[in-house]
Amino acid sequence: MANLEELLRKNEAILSGHFRLSSGLHSDTYIQTAKLLQHPPLAELIGEKLGRKFIEASPEVVIGPALGGIILSFVVARFLGVRSIFAERKEGRLQIRRGFEIKKREKVLVVEDVVTTALSVRETIEVVKTFGGLVVGVGCLVDRSQNHLDLPNFHALLKLEIKTYQPENCPFCQQGIPFFYPGSRQN
């Protein structure tokens with residue numbers, strides 16, 4: 001598999017502009033992994049590459065927050081030979097629905113496409129814990145966080161240094177440049 005950053009660029013998944021991220025932060029760069037994961041052969045290769053990082057953790061189920069983590073959860077779970085589920089928002093909070101379940105003490109791997117503040121990942125971990133599941137790791141395609149993320153057994157396929165701004169300090173807002181909400185959670 002080619003370098004992940006090259007694949008993202010080739011598939012026009014690294015966008016430039018003024019973006020309001022699902023975290024509420026602003027940035028001049030957005031990673032739209034769906035542009036890459038829409039290609040099943042690439043998605044499967046990525047799922048295998050990320051899944052290999054967690055073989056020793058022996059997860060029994062892989063969960064991702066909707067929407068970004070759904071495809072990734074599936075391809076990682078397929079490689080590992082385990083179930084794939086997702087958490088989705090209802091009334092503003094992540095929940096497991098659609099008849100999905102996590103058994104008490106079941107080993108769970110949490111995956112997400114892009115991590116900036118890890119808010120969705122932390123919410124997903126809390127959902128897993130409410131069922132009594134054991135989080136054995138957290139994986140993502142792209143880590144664009146600016147600080148150390150205190151997540152269990154954390155692995156990212158790509159670390160990108162991308163500047164983010166609090167809304168009140170955003171130079172693009174100060175210039176009156178309109179922003180775009182490319183994520184699944186509009187603020």
# chains A, B, ... in the order shown; residues from 1 in each chain; ligands from 1
>>> residues_around(residues="Leu15 of chain A", least_positions_apart="6", cutoff="12 Å", atoms="only C-alpha atoms", output="list in words")
Leu8, Arg9, Ser27, Asp28, Thr29, Tyr30, Ile31, Gln32, Thr33, Lys35, Ile162, Phe180, Tyr181 and Pro182 of chain A
>>> select_by_dssp(residues="segment 15-109 of chain A", states="strand (DSSP E or B)", output="ChimeraX atom specification")
/A:15-20,26-31,61-65,83-90,93-96,107-109
>>> residues_around(residues="Glu48 of chain A", least_positions_apart="5", cutoff="8 Å", atoms="only C-alpha atoms", output="list in words")
Val75, Val76, Phe79 and Leu80 of chain A
>>> closest_residue(among="A:Ala87, A:Leu21, A:Ala57, A:Leu50", to="Thr117 of chain A", atoms="only C-alpha atoms")
A:Leu21
>>> atom_distance(atom1="atom CA of Glu123 of chain A", atom2="atom CA of Arg93 of chain A")
8.0 Å
>>> atom_distance(atom1="atom CA of Pro171 of chain A", atom2="atom CA of Leu67 of chain A")
28.8 Å
>>> closest_atom_pairs(of="segment 85-117 of chain A", to="segment 136-148 of chain A", cutoff="10 Å", atoms="only C-alpha atoms", output="tab-separated table")
residue	atom	partner	partner_atom	distance
A:Glu106	CA	A:Val136	CA	9.5
A:Lys107	CA	A:Val136	CA	6.0
A:Val108	CA	A:Val136	CA	5.7
A:Leu109	CA	A:Gly137	CA	5.1
A:Val110	CA	A:Val138	CA	4.7
A:Val111	CA	A:Gly139	CA	4.7
A:Glu112	CA	A:Cys140	CA	4.8
A:Asp113	CA	A:Leu141	CA	5.1
A:Val114	CA	A:Val142	CA	4.7
A:Val115	CA	A:Asp143	CA	5.0
A:Thr116	CA	A:Ser145	CA	4.3
A:Thr117	CA	A:Ser145	CA	6.0
>>> write_last_selection(atoms="N, CA and C atoms", output="short mmCIF file (atom, residue, chain, number, x, y, z; two decimals), in the first residue's frame")
data_model
loop_
_atom_site.label_atom_id
_atom_site.label_comp_id
_atom_site.auth_asym_id
_atom_site.auth_seq_id
_atom_site.Cartn_x
_atom_site.Cartn_y
_atom_site.Cartn_z
N GLU A 106 -16.67 -8.14 27.24
CA GLU A 106 -16.27 -8.37 25.85
C GLU A 106 -15.18 -7.36 25.49
N LYS A 107 -14.15 -7.83 24.79
CA LYS A 107 -13.03 -6.97 24.40
C LYS A 107 -13.42 -6.16 23.17
N VAL A 108 -13.30 -4.84 23.30
CA VAL A 108 -13.78 -3.93 22.26
C VAL A 108 -12.65 -3.03 21.77
N LEU A 109 -12.54 -2.94 20.46
CA LEU A 109 -11.62 -2.01 19.81
C LEU A 109 -12.45 -0.85 19.28
N VAL A 110 -12.07 0.38 19.63
CA VAL A 110 -12.75 1.59 19.16
C VAL A 110 -11.93 2.17 18.01
N VAL A 111 -12.59 2.45 16.89
CA VAL A 111 -11.89 3.07 15.75
C VAL A 111 -12.63 4.31 15.28
N GLU A 112 -11.86 5.24 14.75
CA GLU A 112 -12.39 6.50 14.22
C GLU A 112 -11.55 6.89 13.02
N ASP A 113 -12.14 7.62 12.09
CA ASP A 113 -11.36 7.99 10.91
C ASP A 113 -10.33 9.07 11.23
N VAL A 114 -10.76 10.20 11.79
CA VAL A 114 -9.86 11.31 12.10
C VAL A 114 -10.08 11.72 13.55
N VAL A 115 -9.00 11.92 14.26
CA VAL A 115 -9.07 12.36 15.65
C VAL A 115 -8.43 13.74 15.77
N THR A 116 -9.20 14.70 16.31
CA THR A 116 -8.68 16.04 16.58
C THR A 116 -8.64 16.27 18.09
N THR A 117 -9.80 16.20 18.73
CA THR A 117 -9.88 16.34 20.19
C THR A 117 -10.20 15.01 20.86
#
>>> decode(residues="segment 89-138 of chain A", atoms="N, CA and C atoms", output="mmCIF file, in the first residue's frame")
data_model
loop_
_atom_site.group_PDB
_atom_site.id
_atom_site.type_symbol
_atom_site.label_atom_id
_atom_site.label_comp_id
_atom_site.auth_asym_id
_atom_site.auth_seq_id
_atom_site.Cartn_x
_atom_site.Cartn_y
_atom_site.Cartn_z
ATOM 1 N N ARG A 89 -25.595 9.071 17.045
ATOM 2 C CA ARG A 89 -26.191 10.117 17.878
ATOM 3 C C ARG A 89 -27.707 10.043 17.856
ATOM 4 N N LYS A 90 -28.255 10.139 19.048
ATOM 5 C CA LYS A 90 -29.695 10.303 19.201
ATOM 6 C C LYS A 90 -29.867 11.287 20.344
ATOM 7 N N GLU A 91 -30.619 12.338 20.074
ATOM 8 C CA GLU A 91 -30.835 13.392 21.064
ATOM 9 C C GLU A 91 -29.508 13.944 21.583
ATOM 10 N N GLY A 92 -28.540 14.084 20.677
ATOM 11 C CA GLY A 92 -27.274 14.725 20.999
ATOM 12 C C GLY A 92 -26.211 13.876 21.655
ATOM 13 N N ARG A 93 -26.495 12.600 21.897
ATOM 14 C CA ARG A 93 -25.452 11.772 22.508
ATOM 15 C C ARG A 93 -25.312 10.451 21.774
ATOM 16 N N LEU A 94 -24.097 9.909 21.836
ATOM 17 C CA LEU A 94 -23.835 8.633 21.170
ATOM 18 C C LEU A 94 -24.502 7.499 21.926
ATOM 19 N N GLN A 95 -25.080 6.579 21.149
ATOM 20 C CA GLN A 95 -25.761 5.421 21.713
ATOM 21 C C GLN A 95 -25.552 4.237 20.781
ATOM 22 N N ILE A 96 -25.691 3.045 21.362
ATOM 23 C CA ILE A 96 -25.730 1.837 20.548
ATOM 24 C C ILE A 96 -27.202 1.527 20.325
ATOM 25 N N ARG A 97 -27.583 1.384 19.072
ATOM 26 C CA ARG A 97 -28.967 1.132 18.695
ATOM 27 C C ARG A 97 -29.004 -0.021 17.708
ATOM 28 N N ARG A 98 -30.115 -0.179 17.024
ATOM 29 C CA ARG A 98 -30.293 -1.148 15.943
ATOM 30 C C ARG A 98 -30.093 -2.600 16.382
ATOM 31 N N GLY A 99 -30.291 -2.861 17.663
ATOM 32 C CA GLY A 99 -30.141 -4.225 18.164
ATOM 33 C C GLY A 99 -28.705 -4.632 18.452
ATOM 34 N N PHE A 100 -27.744 -3.717 18.246
ATOM 35 C CA PHE A 100 -26.352 -4.028 18.579
ATOM 36 C C PHE A 100 -26.227 -4.179 20.087
ATOM 37 N N GLU A 101 -25.262 -4.979 20.494
ATOM 38 C CA GLU A 101 -24.994 -5.117 21.917
ATOM 39 C C GLU A 101 -23.515 -5.394 22.137
ATOM 40 N N ILE A 102 -23.090 -5.109 23.344
ATOM 41 C CA ILE A 102 -21.748 -5.458 23.795
ATOM 42 C C ILE A 102 -21.948 -6.258 25.070
ATOM 43 N N LYS A 103 -21.367 -7.430 25.085
ATOM 44 C CA LYS A 103 -21.507 -8.296 26.253
ATOM 45 C C LYS A 103 -20.569 -7.836 27.374
ATOM 46 N N LYS A 104 -20.955 -8.109 28.587
ATOM 47 C CA LYS A 104 -20.123 -7.776 29.740
ATOM 48 C C LYS A 104 -18.760 -8.450 29.588
ATOM 49 N N ARG A 105 -17.682 -7.664 29.755
ATOM 50 C CA ARG A 105 -16.287 -8.105 29.656
ATOM 51 C C ARG A 105 -15.838 -8.449 28.235
ATOM 52 N N GLU A 106 -16.670 -8.141 27.241
ATOM 53 C CA GLU A 106 -16.271 -8.366 25.851
ATOM 54 C C GLU A 106 -15.180 -7.355 25.491
ATOM 55 N N LYS A 107 -14.154 -7.829 24.791
ATOM 56 C CA LYS A 107 -13.030 -6.971 24.404
ATOM 57 C C LYS A 107 -13.423 -6.157 23.171
ATOM 58 N N VAL A 108 -13.298 -4.842 23.297
ATOM 59 C CA VAL A 108 -13.783 -3.931 22.262
ATOM 60 C C VAL A 108 -12.648 -3.032 21.766
ATOM 61 N N LEU A 109 -12.539 -2.941 20.457
ATOM 62 C CA LEU A 109 -11.624 -2.007 19.806
ATOM 63 C C LEU A 109 -12.451 -0.848 19.278
ATOM 64 N N VAL A 110 -12.073 0.377 19.633
ATOM 65 C CA VAL A 110 -12.750 1.588 19.163
ATOM 66 C C VAL A 110 -11.932 2.166 18.012
ATOM 67 N N VAL A 111 -12.587 2.455 16.885
ATOM 68 C CA VAL A 111 -11.887 3.067 15.748
ATOM 69 C C VAL A 111 -12.625 4.310 15.279
ATOM 70 N N GLU A 112 -11.856 5.244 14.746
ATOM 71 C CA GLU A 112 -12.385 6.503 14.223
ATOM 72 C C GLU A 112 -11.548 6.887 13.021
ATOM 73 N N ASP A 113 -12.137 7.619 12.089
ATOM 74 C CA ASP A 113 -11.362 7.993 10.911
ATOM 75 C C ASP A 113 -10.329 9.070 11.225
ATOM 76 N N VAL A 114 -10.762 10.200 11.794
ATOM 77 C CA VAL A 114 -9.862 11.306 12.100
ATOM 78 C C VAL A 114 -10.080 11.721 13.551
ATOM 79 N N VAL A 115 -8.995 11.924 14.262
ATOM 80 C CA VAL A 115 -9.073 12.363 15.653
ATOM 81 C C VAL A 115 -8.430 13.741 15.773
ATOM 82 N N THR A 116 -9.196 14.698 16.306
ATOM 83 C CA THR A 116 -8.678 16.039 16.579
ATOM 84 C C THR A 116 -8.638 16.265 18.086
ATOM 85 N N THR A 117 -9.799 16.203 18.731
ATOM 86 C CA THR A 117 -9.881 16.343 20.191
ATOM 87 C C THR A 117 -10.196 15.012 20.858
ATOM 88 N N ALA A 118 -10.584 14.018 20.089
ATOM 89 C CA ALA A 118 -10.975 12.675 20.553
ATOM 90 C C ALA A 118 -12.314 12.692 21.285
ATOM 91 N N LEU A 119 -13.118 13.712 21.099
ATOM 92 C CA LEU A 119 -14.415 13.788 21.768
ATOM 93 C C LEU A 119 -15.296 12.587 21.408
ATOM 94 N N SER A 120 -15.453 12.294 20.117
ATOM 95 C CA SER A 120 -16.294 11.162 19.701
ATOM 96 C C SER A 120 -15.731 9.835 20.189
ATOM 97 N N VAL A 121 -14.414 9.720 20.199
ATOM 98 C CA VAL A 121 -13.777 8.492 20.688
ATOM 99 C C VAL A 121 -14.071 8.312 22.175
ATOM 100 N N ARG A 122 -13.919 9.385 22.947
ATOM 101 C CA ARG A 122 -14.176 9.294 24.390
ATOM 102 C C ARG A 122 -15.646 8.972 24.669
ATOM 103 N N GLU A 123 -16.543 9.562 23.882
ATOM 104 C CA GLU A 123 -17.964 9.250 24.036
ATOM 105 C C GLU A 123 -18.228 7.775 23.716
ATOM 106 N N THR A 124 -17.578 7.268 22.689
ATOM 107 C CA THR A 124 -17.741 5.861 22.312
ATOM 108 C C THR A 124 -17.200 4.945 23.411
ATOM 109 N N ILE A 125 -16.067 5.303 23.979
ATOM 110 C CA ILE A 125 -15.511 4.523 25.091
ATOM 111 C C ILE A 125 -16.506 4.470 26.248
ATOM 112 N N GLU A 126 -17.140 5.587 26.550
ATOM 113 C CA GLU A 126 -18.126 5.621 27.644
ATOM 114 C C GLU A 126 -19.323 4.720 27.332
ATOM 115 N N VAL A 127 -19.749 4.717 26.063
ATOM 116 C CA VAL A 127 -20.844 3.835 25.665
ATOM 117 C C VAL A 127 -20.446 2.375 25.894
ATOM 118 N N VAL A 128 -19.238 2.024 25.492
ATOM 119 C CA VAL A 128 -18.747 0.649 25.680
ATOM 120 C C VAL A 128 -18.766 0.293 27.163
ATOM 121 N N LYS A 129 -18.306 1.202 28.001
ATOM 122 C CA LYS A 129 -18.240 0.949 29.446
ATOM 123 C C LYS A 129 -19.629 0.768 30.053
ATOM 124 N N THR A 130 -20.638 1.481 29.521
ATOM 125 C CA THR A 130 -21.992 1.333 30.082
ATOM 126 C C THR A 130 -22.523 -0.090 29.883
ATOM 127 N N PHE A 131 -22.009 -0.776 28.885
ATOM 128 C CA PHE A 131 -22.405 -2.164 28.635
ATOM 129 C C PHE A 131 -21.513 -3.155 29.390
ATOM 130 N N GLY A 132 -20.466 -2.642 30.025
ATOM 131 C CA GLY A 132 -19.540 -3.525 30.720
ATOM 132 C C GLY A 132 -18.444 -4.067 29.830
ATOM 133 N N GLY A 133 -18.309 -3.503 28.619
ATOM 134 C CA GLY A 133 -17.256 -3.936 27.707
ATOM 135 C C GLY A 133 -15.891 -3.428 28.147
ATOM 136 N N LEU A 134 -14.850 -4.090 27.680
ATOM 137 C CA LEU A 134 -13.474 -3.724 27.995
ATOM 138 C C LEU A 134 -12.806 -3.145 26.757
ATOM 139 N N VAL A 135 -12.435 -1.886 26.793
ATOM 140 C CA VAL A 135 -11.768 -1.250 25.656
ATOM 141 C C VAL A 135 -10.314 -1.709 25.635
ATOM 142 N N VAL A 136 -9.934 -2.421 24.563
ATOM 143 C CA VAL A 136 -8.572 -2.959 24.460
ATOM 144 C C VAL A 136 -7.687 -2.113 23.552
ATOM 145 N N GLY A 137 -8.259 -1.071 22.953
ATOM 146 C CA GLY A 137 -7.467 -0.197 22.101
ATOM 147 C C GLY A 137 -8.321 0.799 21.372
ATOM 148 N N VAL A 138 -7.630 1.820 20.853
ATOM 149 C CA VAL A 138 -8.257 2.861 20.029
ATOM 150 C C VAL A 138 -7.363 3.068 18.818
#
